[in-house]
Each structure stands twice: as C-alpha cells, then as structure tokens.
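Peer 1: PDB, C-alpha atoms, file upload-v7.pdb:
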```
ATOM      1  CA  MET A   1      96.524  94.510 122.791  1.00  0.00           C
ATOM      2  CA  LYS A   2      95.558  91.620 120.535  1.00  0.00           C
ATOM      3  CA  TYR A   3      97.702  93.010 117.695  1.00  0.00           C
ATOM      4  CA  THR A   4     101.264  94.227 118.124  1.00  0.00           C
ATOM      5  CA  THR A   5     102.016  95.192 114.510  1.00  0.00           C
ATOM      6  CA  LEU A   6      99.652  97.610 112.754  1.00  0.00           C
ATOM      7  CA  LEU A   7      99.951  98.307 109.030  1.00  0.00           C
ATOM      8  CA  PHE A   8      98.193 101.525 108.032  1.00  0.00           C
ATOM      9  CA  ASP A   9      97.180 102.579 104.563  1.00  0.00           C
ATOM     10  CA  VAL A  10      97.463 106.346 104.001  1.00  0.00           C
ATOM     11  CA  ASP A  11      94.939 107.794 101.578  1.00  0.00           C
ATOM     12  CA  ASP A  12      91.382 107.937 102.907  1.00  0.00           C
ATOM     13  CA  THR A  13      92.528 105.980 105.959  1.00  0.00           C
ATOM     14  CA  ILE A  14      94.610 108.455 107.975  1.00  0.00           C
ATOM     15  CA  LEU A  15      94.882 111.283 105.433  1.00  0.00           C
ATOM     16  CA  ASP A  16      91.908 112.787 103.621  1.00  0.00           C
ATOM     17  CA  PHE A  17      93.008 112.141 100.056  1.00  0.00           C
ATOM     18  CA  LYS A  18      89.699 113.236  98.568  1.00  0.00           C
ATOM     19  CA  ALA A  19      90.118 116.705 100.080  1.00  0.00           C
ATOM     20  CA  ALA A  20      93.725 116.936  98.913  1.00  0.00           C
ATOM     21  CA  GLU A  21      92.781 115.692  95.451  1.00  0.00           C
ATOM     22  CA  LEU A  22      89.956 118.210  95.056  1.00  0.00           C
ATOM     23  CA  GLN A  23      92.229 121.019  96.172  1.00  0.00           C
ATOM     24  CA  GLY A  24      94.954 119.966  93.746  1.00  0.00           C
ATOM     25  CA  LEU A  25      92.631 119.398  90.800  1.00  0.00           C
ATOM     26  CA  ALA A  26      90.884 122.734  91.316  1.00  0.00           C
ATOM     27  CA  LYS A  27      94.200 124.571  91.107  1.00  0.00           C
ATOM     28  CA  LEU A  28      95.371 122.523  88.141  1.00  0.00           C
ATOM     29  CA  PHE A  29      92.189 122.892  86.103  1.00  0.00           C
ATOM     30  CA  GLU A  30      92.042 126.606  86.820  1.00  0.00           C
ATOM     31  CA  HIS A  31      95.513 126.937  85.339  1.00  0.00           C
ATOM     32  CA  TYR A  32      94.259 125.306  82.142  1.00  0.00           C
ATOM     33  CA  GLY A  33      91.114 127.402  81.962  1.00  0.00           C
ATOM     34  CA  TYR A  34      88.582 125.016  83.479  1.00  0.00           C
ATOM     35  CA  HIS A  35      86.413 125.308  86.581  1.00  0.00           C
ATOM     36  CA  LEU A  36      86.264 122.088  88.592  1.00  0.00           C
ATOM     37  CA  ASN A  37      82.654 120.929  88.778  1.00  0.00           C
ATOM     38  CA  ASP A  38      80.965 117.587  89.424  1.00  0.00           C
ATOM     39  CA  SER A  39      80.818 116.676  85.741  1.00  0.00           C
ATOM     40  CA  LEU A  40      84.484 117.409  85.118  1.00  0.00           C
ATOM     41  CA  LEU A  41      85.508 115.609  88.298  1.00  0.00           C
ATOM     42  CA  LYS A  42      83.528 112.514  87.321  1.00  0.00           C
ATOM     43  CA  ARG A  43      85.201 112.377  83.905  1.00  0.00           C
ATOM     44  CA  TYR A  44      88.624 112.630  85.503  1.00  0.00           C
ATOM     45  CA  GLN A  45      87.818 109.967  88.091  1.00  0.00           C
ATOM     46  CA  ILE A  46      86.731 107.485  85.427  1.00  0.00           C
ATOM     47  CA  VAL A  47      90.073 107.869  83.660  1.00  0.00           C
ATOM     48  CA  ASN A  48      92.139 107.916  86.848  1.00  0.00           C
ATOM     49  CA  GLN A  49      90.425 105.063  88.677  1.00  0.00           C
ATOM     50  CA  GLY A  50      90.504 102.891  85.578  1.00  0.00           C
ATOM     51  CA  LEU A  51      94.267 103.313  85.317  1.00  0.00           C
ATOM     52  CA  TRP A  52      94.867 102.646  89.028  1.00  0.00           C
ATOM     53  CA  LYS A  53      92.723  99.504  88.839  1.00  0.00           C
ATOM     54  CA  ALA A  54      94.872  98.311  85.951  1.00  0.00           C
ATOM     55  CA  PHE A  55      97.948  99.022  88.081  1.00  0.00           C
ATOM     56  CA  GLU A  56      96.597  96.969  90.999  1.00  0.00           C
ATOM     57  CA  GLU A  57      95.960  94.128  88.556  1.00  0.00           C
ATOM     58  CA  ASN A  58      99.556  94.416  87.324  1.00  0.00           C
ATOM     59  CA  LYS A  59      98.416  95.394  83.825  1.00  0.00           C
ATOM     60  CA  CYS A  60     100.431  98.605  83.743  1.00  0.00           C
ATOM     61  CA  THR A  61     103.153 100.370  85.710  1.00  0.00           C
ATOM     62  CA  ARG A  62     102.823 103.288  88.100  1.00  0.00           C
ATOM     63  CA  GLU A  63     104.746 105.442  85.646  1.00  0.00           C
ATOM     64  CA  GLU A  64     102.208 104.637  82.938  1.00  0.00           C
ATOM     65  CA  VAL A  65      99.375 105.677  85.248  1.00  0.00           C
ATOM     66  CA  LEU A  66     100.976 108.957  86.237  1.00  0.00           C
ATOM     67  CA  ASN A  67     102.377 109.845  82.842  1.00  0.00           C
ATOM     68  CA  THR A  68      99.222 109.221  80.807  1.00  0.00           C
ATOM     69  CA  ARG A  69      96.194 110.070  82.950  1.00  0.00           C
ATOM     70  CA  PHE A  70      96.070 113.801  82.304  1.00  0.00           C
ATOM     71  CA  GLY A  71      96.861 113.381  78.634  1.00  0.00           C
ATOM     72  CA  LEU A  72      93.939 110.961  78.289  1.00  0.00           C
ATOM     73  CA  PHE A  73      91.653 113.198  80.335  1.00  0.00           C
ATOM     74  CA  PHE A  74      92.355 116.433  78.497  1.00  0.00           C
ATOM     75  CA  GLU A  75      92.129 114.569  75.193  1.00  0.00           C
ATOM     76  CA  GLN A  76      88.467 113.936  76.031  1.00  0.00           C
ATOM     77  CA  LEU A  77      88.047 117.699  76.335  1.00  0.00           C
ATOM     78  CA  GLY A  78      89.658 118.249  72.960  1.00  0.00           C
ATOM     79  CA  LYS A  79      92.820 119.685  74.467  1.00  0.00           C
ATOM     80  CA  LYS A  80      96.320 118.358  73.781  1.00  0.00           C
ATOM     81  CA  VAL A  81      98.740 118.665  76.704  1.00  0.00           C
ATOM     82  CA  ASP A  82     102.130 117.375  77.775  1.00  0.00           C
ATOM     83  CA  SER A  83     100.834 114.701  80.135  1.00  0.00           C
ATOM     84  CA  VAL A  84     104.125 114.312  82.010  1.00  0.00           C
ATOM     85  CA  ALA A  85     104.424 118.067  82.586  1.00  0.00           C
ATOM     86  CA  VAL A  86     100.810 118.317  83.771  1.00  0.00           C
ATOM     87  CA  GLU A  87     101.381 115.429  86.186  1.00  0.00           C
ATOM     88  CA  LYS A  88     104.409 117.202  87.617  1.00  0.00           C
ATOM     89  CA  GLU A  89     102.389 120.373  88.143  1.00  0.00           C
ATOM     90  CA  TYR A  90      99.522 118.454  89.743  1.00  0.00           C
ATOM     91  CA  ARG A  91     101.951 116.662  92.047  1.00  0.00           C
ATOM     92  CA  GLN A  92     103.141 120.032  93.369  1.00  0.00           C
ATOM     93  CA  TYR A  93      99.568 120.979  94.235  1.00  0.00           C
ATOM     94  CA  LEU A  94      98.775 117.562  95.712  1.00  0.00           C
ATOM     95  CA  ASN A  95     101.851 117.601  97.933  1.00  0.00           C
ATOM     96  CA  GLN A  96     100.320 120.574  99.739  1.00  0.00           C
ATOM     97  CA  GLY A  97      97.315 118.495 100.795  1.00  0.00           C
ATOM     98  CA  SER A  98      97.958 117.266 104.319  1.00  0.00           C
ATOM     99  CA  GLN A  99      94.393 117.179 105.626  1.00  0.00           C
ATOM    100  CA  ARG A 100      93.977 114.452 108.235  1.00  0.00           C
ATOM    101  CA  LEU A 101      91.005 112.121 108.234  1.00  0.00           C
ATOM    102  CA  GLY A 102      88.990 112.652 111.394  1.00  0.00           C
ATOM    103  CA  ASN A 103      91.070 112.506 114.567  1.00  0.00           C
ATOM    104  CA  SER A 104      93.689 110.217 113.029  1.00  0.00           C
ATOM    105  CA  LEU A 105      96.537 112.131 114.666  1.00  0.00           C
ATOM    106  CA  ASP A 106      95.293 111.471 118.198  1.00  0.00           C
ATOM    107  CA  ILE A 107      94.559 107.818 117.442  1.00  0.00           C
ATOM    108  CA  VAL A 108      97.885 107.132 115.728  1.00  0.00           C
ATOM    109  CA  ALA A 109      99.800 108.912 118.491  1.00  0.00           C
ATOM    110  CA  ASP A 110      98.036 106.839 121.135  1.00  0.00           C
ATOM    111  CA  LEU A 111      98.470 103.516 119.333  1.00  0.00           C
ATOM    112  CA  ALA A 112     102.168 104.187 118.730  1.00  0.00           C
ATOM    113  CA  ASP A 113     102.694 103.789 122.480  1.00  0.00           C
ATOM    114  CA  LYS A 114     101.052 100.366 122.437  1.00  0.00           C
ATOM    115  CA  ALA A 115     102.145  98.710 119.179  1.00  0.00           C
ATOM    116  CA  ASP A 116     104.534  98.975 116.242  1.00  0.00           C
ATOM    117  CA  LEU A 117     103.002 101.111 113.500  1.00  0.00           C
ATOM    118  CA  TYR A 118     103.982 101.036 109.819  1.00  0.00           C
ATOM    119  CA  VAL A 119     102.682 102.736 106.695  1.00  0.00           C
ATOM    120  CA  VAL A 120     101.900 100.580 103.645  1.00  0.00           C
ATOM    121  CA  THR A 121     100.855 102.593 100.601  1.00  0.00           C
ATOM    122  CA  ASN A 122     100.607 102.437  96.837  1.00  0.00           C
ATOM    123  CA  GLY A 123     101.169 106.172  96.631  1.00  0.00           C
ATOM    124  CA  VAL A 124     104.107 108.142  95.288  1.00  0.00           C
ATOM    125  CA  ALA A 125     106.964 108.134  97.818  1.00  0.00           C
ATOM    126  CA  LYS A 126     107.847 111.839  97.820  1.00  0.00           C
ATOM    127  CA  THR A 127     104.205 112.856  97.986  1.00  0.00           C
ATOM    128  CA  GLN A 128     103.365 110.516 100.862  1.00  0.00           C
ATOM    129  CA  TYR A 129     106.385 111.506 102.942  1.00  0.00           C
ATOM    130  CA  GLN A 130     105.657 115.216 102.502  1.00  0.00           C
ATOM    131  CA  ARG A 131     101.973 114.858 103.333  1.00  0.00           C
ATOM    132  CA  LEU A 132     102.567 112.648 106.382  1.00  0.00           C
ATOM    133  CA  GLU A 133     105.191 115.045 107.687  1.00  0.00           C
ATOM    134  CA  ALA A 134     102.981 118.093 107.147  1.00  0.00           C
ATOM    135  CA  ALA A 135     100.140 116.300 108.932  1.00  0.00           C
ATOM    136  CA  LYS A 136     102.498 115.604 111.884  1.00  0.00           C
ATOM    137  CA  LEU A 137     101.888 111.853 111.553  1.00  0.00           C
ATOM    138  CA  LEU A 138     105.301 110.762 110.311  1.00  0.00           C
ATOM    139  CA  PRO A 139     107.096 110.450 113.705  1.00  0.00           C
ATOM    140  CA  TYR A 140     104.645 107.819 114.950  1.00  0.00           C
ATOM    141  CA  PHE A 141     105.499 105.236 112.300  1.00  0.00           C
ATOM    142  CA  LYS A 142     108.549 103.007 112.610  1.00  0.00           C
ATOM    143  CA  ASP A 143     108.891 102.775 108.831  1.00  0.00           C
ATOM    144  CA  ILE A 144     107.128 103.790 105.616  1.00  0.00           C
ATOM    145  CA  PHE A 145     106.661 101.233 102.839  1.00  0.00           C
ATOM    146  CA  VAL A 146     105.734 102.622  99.416  1.00  0.00           C
ATOM    147  CA  SER A 147     105.115 100.469  96.372  1.00  0.00           C
ATOM    148  CA  GLU A 148     107.057 102.910  94.208  1.00  0.00           C
ATOM    149  CA  THR A 149     110.292 102.092  96.040  1.00  0.00           C
ATOM    150  CA  ILE A 150     109.523  98.412  96.703  1.00  0.00           C
ATOM    151  CA  GLY A 151     108.772  97.576  93.093  1.00  0.00           C
ATOM    152  CA  TYR A 152     105.536  95.748  93.910  1.00  0.00           C
ATOM    153  CA  GLN A 153     102.136  97.120  94.863  1.00  0.00           C
ATOM    154  CA  LYS A 154      99.335  96.068  97.156  1.00  0.00           C
ATOM    155  CA  PRO A 155      97.642  93.588  96.919  1.00  0.00           C
ATOM    156  CA  ARG A 156     100.595  91.556  95.585  1.00  0.00           C
ATOM    157  CA  ILE A 157     102.121  89.134  98.063  1.00  0.00           C
ATOM    158  CA  GLU A 158     105.603  90.353  97.089  1.00  0.00           C
ATOM    159  CA  PHE A 159     104.802  93.772  98.560  1.00  0.00           C
ATOM    160  CA  PHE A 160     103.976  92.255 101.931  1.00  0.00           C
ATOM    161  CA  GLN A 161     106.883  89.820 101.840  1.00  0.00           C
ATOM    162  CA  HIS A 162     109.173  92.821 101.474  1.00  0.00           C
ATOM    163  CA  VAL A 163     107.506  94.509 104.443  1.00  0.00           C
ATOM    164  CA  PHE A 164     107.742  91.412 106.638  1.00  0.00           C
ATOM    165  CA  ASN A 165     111.394  90.887 105.731  1.00  0.00           C
ATOM    166  CA  LYS A 166     112.194  94.454 106.727  1.00  0.00           C
ATOM    167  CA  ILE A 167     110.393  94.367 110.063  1.00  0.00           C
ATOM    168  CA  ALA A 168     111.348  90.776 110.981  1.00  0.00           C
ATOM    169  CA  PRO A 169     110.749  89.074 113.257  1.00  0.00           C
ATOM    170  CA  VAL A 170     107.007  89.519 112.875  1.00  0.00           C
ATOM    171  CA  ASP A 171     104.162  87.424 114.260  1.00  0.00           C
ATOM    172  CA  LEU A 172     101.559  87.269 111.486  1.00  0.00           C
ATOM    173  CA  GLU A 173      98.850  86.264 113.958  1.00  0.00           C
ATOM    174  CA  LYS A 174      99.427  89.552 115.768  1.00  0.00           C
ATOM    175  CA  THR A 175      99.650  91.654 112.613  1.00  0.00           C
ATOM    176  CA  VAL A 176      96.728  93.497 111.023  1.00  0.00           C
ATOM    177  CA  ILE A 177      96.279  95.881 108.101  1.00  0.00           C
ATOM    178  CA  ILE A 178      93.912  98.861 108.301  1.00  0.00           C
ATOM    179  CA  GLY A 179      92.703 100.454 105.094  1.00  0.00           C
ATOM    180  CA  ASP A 180      89.795 101.721 103.029  1.00  0.00           C
ATOM    181  CA  SER A 181      90.432  99.769  99.822  1.00  0.00           C
ATOM    182  CA  LEU A 182      88.998  96.294  99.453  1.00  0.00           C
ATOM    183  CA  SER A 183      91.002  95.582  96.319  1.00  0.00           C
ATOM    184  CA  SER A 184      94.424  96.618  97.622  1.00  0.00           C
ATOM    185  CA  ASP A 185      94.375  96.721 101.449  1.00  0.00           C
ATOM    186  CA  ILE A 186      91.943  93.955 102.344  1.00  0.00           C
ATOM    187  CA  LYS A 187      92.782  91.673  99.439  1.00  0.00           C
ATOM    188  CA  GLY A 188      96.467  92.329 100.080  1.00  0.00           C
ATOM    189  CA  GLY A 189      96.152  91.425 103.732  1.00  0.00           C
ATOM    190  CA  GLN A 190      94.371  88.215 102.824  1.00  0.00           C
ATOM    191  CA  ASN A 191      97.102  87.356 100.324  1.00  0.00           C
ATOM    192  CA  ALA A 192      99.670  87.934 103.068  1.00  0.00           C
ATOM    193  CA  GLY A 193      97.871  85.762 105.601  1.00  0.00           C
ATOM    194  CA  ILE A 194      97.089  88.499 108.123  1.00  0.00           C
ATOM    195  CA  ASP A 195      93.880  89.891 109.593  1.00  0.00           C
ATOM    196  CA  THR A 196      92.263  92.879 107.950  1.00  0.00           C
ATOM    197  CA  ILE A 197      90.280  95.902 109.114  1.00  0.00           C
ATOM    198  CA  TRP A 198      88.209  97.624 106.448  1.00  0.00           C
ATOM    199  CA  LEU A 199      87.513 101.311 107.046  1.00  0.00           C
ATOM    200  CA  ASN A 200      84.079 101.586 105.447  1.00  0.00           C
ATOM    201  CA  VAL A 201      83.413 105.286 105.962  1.00  0.00           C
ATOM    202  CA  ASN A 202      80.751 105.468 103.260  1.00  0.00           C
ATOM    203  CA  GLN A 203      78.895 102.408 104.555  1.00  0.00           C
ATOM    204  CA  GLN A 204      79.181 100.495 101.310  1.00  0.00           C
ATOM    205  CA  GLU A 205      77.219  97.301 100.837  1.00  0.00           C
ATOM    206  CA  THR A 206      78.626  93.986 102.028  1.00  0.00           C
ATOM    207  CA  PRO A 207      81.553  93.283  99.709  1.00  0.00           C
ATOM    208  CA  THR A 208      82.550  90.099  97.927  1.00  0.00           C
ATOM    209  CA  ILE A 209      85.999  90.480  99.503  1.00  0.00           C
ATOM    210  CA  LYS A 210      85.343  89.753 103.172  1.00  0.00           C
ATOM    211  CA  PRO A 211      87.499  91.622 105.730  1.00  0.00           C
ATOM    212  CA  THR A 212      88.142  90.212 109.186  1.00  0.00           C
ATOM    213  CA  TYR A 213      86.587  93.338 110.688  1.00  0.00           C
ATOM    214  CA  THR A 214      84.704  96.362 109.382  1.00  0.00           C
ATOM    215  CA  ILE A 215      84.705  99.791 111.024  1.00  0.00           C
ATOM    216  CA  GLN A 216      83.089 103.095 110.062  1.00  0.00           C
ATOM    217  CA  ASN A 217      85.646 105.386 111.690  1.00  0.00           C
ATOM    218  CA  LEU A 218      89.078 105.037 113.230  1.00  0.00           C
ATOM    219  CA  ASP A 219      87.726 105.344 116.783  1.00  0.00           C
ATOM    220  CA  ASP A 220      86.190 101.903 116.300  1.00  0.00           C
ATOM    221  CA  LEU A 221      89.710 100.430 116.213  1.00  0.00           C
ATOM    222  CA  TYR A 222      89.778 100.346 120.005  1.00  0.00           C
ATOM    223  CA  GLN A 223      86.959  97.783 120.023  1.00  0.00           C
ATOM    224  CA  ILE A 224      89.156  95.439 117.967  1.00  0.00           C
ATOM    225  CA  LEU A 225      92.805  96.018 118.807  1.00  0.00           C
TER     226      LEU A 225
END
```
Is it possible to express this structure as structure tokens?
Peer 2:
Amino acid sequence: MKYTTLLFDVDDTILDFKAAELQGLAKLFEHYGYHLNDSLLKRYQIVNQGLWKAFEENKCTREEVLNTRFGLFFEQLGKKVDSVAVEKEYRQYLNQGSQRLGNSLDIVADLADKADLYVVTNGVAKTQYQRLEAAKLLPYFKDIFVSETIGYQKPRIEFFQHVFNKIAPVDLEKTVIIGDSLSSDIKGGQNAGIDTIWLNVNQQETPTIKPTYTIQNLDDLYQIL
C-alpha cells in the first residue's frame, strides 16, 4: 500500500453521527415536551454548529460548547433550562448511537491487516470510546486520539504533533488522514504536512480547501491507498 499509517476521523466518516444525533435529540426534546421536526432541528444546528466552528477556530473551549449549547437553544424557545444538566442527559442518549456509516466495519477490518490505523477526533472521549466499542470498530485501531484528552483540537498543528509523537517513528509521506470535515480533518492534515482524503458523501461543490483526494464513499479508498 502507498500509505502505511491511516488516521480516521469518527463522526460521519466511520460512524453515522447524524443518525445518532437525531436519535439522541428526539429523545431529549420529547423529555422537554417538544417533537423533533425539521424546523426545530435547524434551529438547534445553527446554535450547535456555530459553537463548534468557534471551537475549531480556538475562540472557545470544548466545555463552553457543551455547557452552553442547550441553554442557548432552549432560550430561543422561551424556556430556561440547566444547560449543563441537559447536556449530561443528551450525552447519555448520544452514547447509545453506534450506527456505522456504510460498510465501514468491513473496510476498517480489512485495512487493519495492511496498515496501522488510528482514530483522530474532536469528539468527547467517553462518548467516542463507547460508540466505537458498540459498533465493534474499536479493536481495529492501534490508538484513539481525542482532542478532549490531548488539549488541542483539529485542525491545530499541536493536535497532530501529539499524535505523531505518540506513534513515532512515523513517515509523514506514508501517512494520510481520512475525514468528512474540510475545516478540521483536511485543513488539519494540511497543517500537519500529510496527505488528505476528503469523504464528500453529499457531493458538495469544489471547496476552497483543496484535499489531496476526494471520495464519495469509503469503498473508494482502495483506489487510493
């Protein structure tokens, strides 16, 4: 194989985060007397995605994202809640979401026999470990790197420096990151000086951040690796 070290993002790359999120939000909103519909989901996503973008840009901490998002969201609905408590409840629902994306299990299992696989994620450590284990993906990765425990997030170079130090020696020319996010995965890989594979499932328009390769599903990896 051309690449011997594969760095995999988790959400919407090997695990179907959107499905897990919808499942978790539906249960959470029901508990607070709301039915999850497209309008409500859109309002939540605007709040949530705005906070995560600020986190990627190092404008706020992960704790600030998690501990304020539901308070801000429900405030728009005229409801005052304990944002930290709601986050904790949502996390319990989300942890149950272990839906795999496509045939990621078969692909990861096969690639693990041919290269060294690692997880690189901006997610919450406990949540990601539980979901990967429930999805039966965990055993195929040599290590799991989560920004929460590292102290830096993708796309910051410090995140990747930590990863490379832990898995040393590593040949950067034979290392590639696979992920769905241009702003964290692809930009992060570029910052780290490694090749990038953008999983463009939704066939988005040509981005300003240019990945080394673009694929539409994980099966396409075999044409590259």
Peer 1: Determine the nearest neighbour of Thr214 in chain A from the options A:Ser181, A:Asn48, A:Ala192, A:Tyr93, counting all atoms listed in the file.
Peer 2: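 Among the listed residues, A:Ser181 lies closest to Thr214 in chain A.
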Peer 1: Using all atoms listed in the file, which of the listed residues (A:Lys154, A:Tyr118, A:Ala109, A:Trp198) sits closest to Ile167 in chain A?
Peer 2: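 Selected residue with least distance to Ile167 in chain A: A:Tyr118.
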Peer 1: Identify which of the residues A:Asp143, A:Ala135, A:Ile197, A:Glu173 lies closest to Gly102 in chain A, counting all atoms listed in the file when measuring atom-to-atom distances.
Peer 2: A:Ala135
Peer 1: Report as a list of chain:residue names the residues that result from applying the PyMOL selection byres ((chain A and resi 82) around 10) to the structure here.
Peer 2: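 What the PyMOL selection byres ((chain A and resi 82) around 10) grabs from the file is A:Asn67, A:Thr68, A:Phe70, A:Gly71, A:Phe74, A:Lys80, A:Val81, A:Ser83, A:Val84, A:Ala85, A:Val86, A:Glu87.
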Peer 1: Just how far from CA of Glu56 in chain A is CA of Lys18 in chain A, in Å to one decimal?
Peer 2: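 Computed distance, CA of Lys18 in chain A to CA of Glu56 in chain A, equals 19.2 Å.
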Peer 1: When the PyMOL selection byres ((chain A and resi 104-107) around 9) is applied to the structure above, which residues does it catch, written out as an MDAnalysis selection string?
Peer 2: chainID A and resid 13:15 100:103 108:112 135:137 218:219 221
Peer 1: Tyr34 in chain A: which residues within 12 Å, counting only C-alpha atoms, same-chain residues fewer than 4 positions away excluded, as a list in words?
Peer 2: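 Listing them by chain and then by number gives Leu25, Ala26, Lys27, Leu28, Phe29, Glu30, Ser39, Leu40, Leu41, Phe74, Leu77 and Lys79 of chain A.
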Peer 1: Name the residues captured by the PyMOL selection byres ((chain A and resi 10) around 12) when it is applied to the shown file; answer as a PyMOL selection string.
Peer 2: chain A and resi 7-9+11-18+98-101+104+108+118-125+127-129+131-132+135+137-138+141+144-146+177-181+185+199
Peer 1: Report, in Å with one decimal, the straight-line distance from CA of Asp195 in chain A to CA of Ile224 in chain A.
Peer 2: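 Separation between CA of Asp195 in chain A and CA of Ile224 in chain A: 11.1 Å.
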Peer 1: May I ask which of the residues A:Glu21, A:Glu64, A:Asp38, A:Asp171 is the closest one to Asp116 in chain A, counting all atoms listed in the file?
Peer 2: A:Asp171
Peer 1: With the input short on atoms, add N, CA and C atoms back to range 39-55 of chain A and write it as a PDB file, keeping the file's coordinate frame.
Peer 2:
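Output file part.pdb follows:
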```pdb
ATOM      1  N   SER A  39      80.720 117.369  87.023  1.00  0.00           N
ATOM      2  CA  SER A  39      80.818 116.676  85.741  1.00  0.00           C
ATOM      3  C   SER A  39      82.270 116.458  85.334  1.00  0.00           C
ATOM      4  N   LEU A  40      83.070 117.500  85.482  1.00  0.00           N
ATOM      5  CA  LEU A  40      84.484 117.409  85.118  1.00  0.00           C
ATOM      6  C   LEU A  40      85.217 116.436  86.041  1.00  0.00           C
ATOM      7  N   LEU A  41      84.884 116.503  87.327  1.00  0.00           N
ATOM      8  CA  LEU A  41      85.508 115.609  88.298  1.00  0.00           C
ATOM      9  C   LEU A  41      85.187 114.155  87.980  1.00  0.00           C
ATOM     10  N   LYS A  42      83.941 113.881  87.636  1.00  0.00           N
ATOM     11  CA  LYS A  42      83.528 112.514  87.321  1.00  0.00           C
ATOM     12  C   LYS A  42      84.295 111.982  86.117  1.00  0.00           C
ATOM     13  N   ARG A  43      84.477 112.809  85.104  1.00  0.00           N
ATOM     14  CA  ARG A  43      85.201 112.377  83.905  1.00  0.00           C
ATOM     15  C   ARG A  43      86.658 112.064  84.239  1.00  0.00           C
ATOM     16  N   TYR A  44      87.239 112.892  85.097  1.00  0.00           N
ATOM     17  CA  TYR A  44      88.624 112.630  85.503  1.00  0.00           C
ATOM     18  C   TYR A  44      88.717 111.337  86.311  1.00  0.00           C
ATOM     19  N   GLN A  45      87.773 111.146  87.227  1.00  0.00           N
ATOM     20  CA  GLN A  45      87.818 109.967  88.091  1.00  0.00           C
ATOM     21  C   GLN A  45      87.683 108.670  87.295  1.00  0.00           C
ATOM     22  N   ILE A  46      86.887 108.680  86.257  1.00  0.00           N
ATOM     23  CA  ILE A  46      86.731 107.485  85.427  1.00  0.00           C
ATOM     24  C   ILE A  46      88.066 107.112  84.793  1.00  0.00           C
ATOM     25  N   VAL A  47      88.761 108.112  84.262  1.00  0.00           N
ATOM     26  CA  VAL A  47      90.073 107.869  83.660  1.00  0.00           C
ATOM     27  C   VAL A  47      91.073 107.421  84.717  1.00  0.00           C
ATOM     28  N   ASN A  48      91.142 108.163  85.809  1.00  0.00           N
ATOM     29  CA  ASN A  48      92.139 107.916  86.848  1.00  0.00           C
ATOM     30  C   ASN A  48      91.931 106.570  87.541  1.00  0.00           C
ATOM     31  N   GLN A  49      90.703 106.304  87.960  1.00  0.00           N
ATOM     32  CA  GLN A  49      90.425 105.063  88.677  1.00  0.00           C
ATOM     33  C   GLN A  49      90.608 103.844  87.784  1.00  0.00           C
ATOM     34  N   GLY A  50      90.298 103.994  86.507  1.00  0.00           N
ATOM     35  CA  GLY A  50      90.504 102.891  85.578  1.00  0.00           C
ATOM     36  C   GLY A  50      91.975 102.528  85.457  1.00  0.00           C
ATOM     37  N   LEU A  51      92.828 103.550  85.418  1.00  0.00           N
ATOM     38  CA  LEU A  51      94.267 103.313  85.317  1.00  0.00           C
ATOM     39  C   LEU A  51      94.822 102.700  86.599  1.00  0.00           C
ATOM     40  N   TRP A  52      94.376 103.191  87.759  1.00  0.00           N
ATOM     41  CA  TRP A  52      94.867 102.646  89.028  1.00  0.00           C
ATOM     42  C   TRP A  52      94.402 101.202  89.225  1.00  0.00           C
ATOM     43  N   LYS A  53      93.206 100.886  88.758  1.00  0.00           N
ATOM     44  CA  LYS A  53      92.723  99.504  88.839  1.00  0.00           C
ATOM     45  C   LYS A  53      93.609  98.595  87.984  1.00  0.00           C
ATOM     46  N   ALA A  54      93.975  99.083  86.814  1.00  0.00           N
ATOM     47  CA  ALA A  54      94.872  98.311  85.951  1.00  0.00           C
ATOM     48  C   ALA A  54      96.229  98.114  86.618  1.00  0.00           C
ATOM     49  N   PHE A  55      96.678  99.124  87.360  1.00  0.00           N
ATOM     50  CA  PHE A  55      97.948  99.022  88.081  1.00  0.00           C
ATOM     51  C   PHE A  55      97.862  97.960  89.165  1.00  0.00           C
TER      52      PHE A  55
END
```
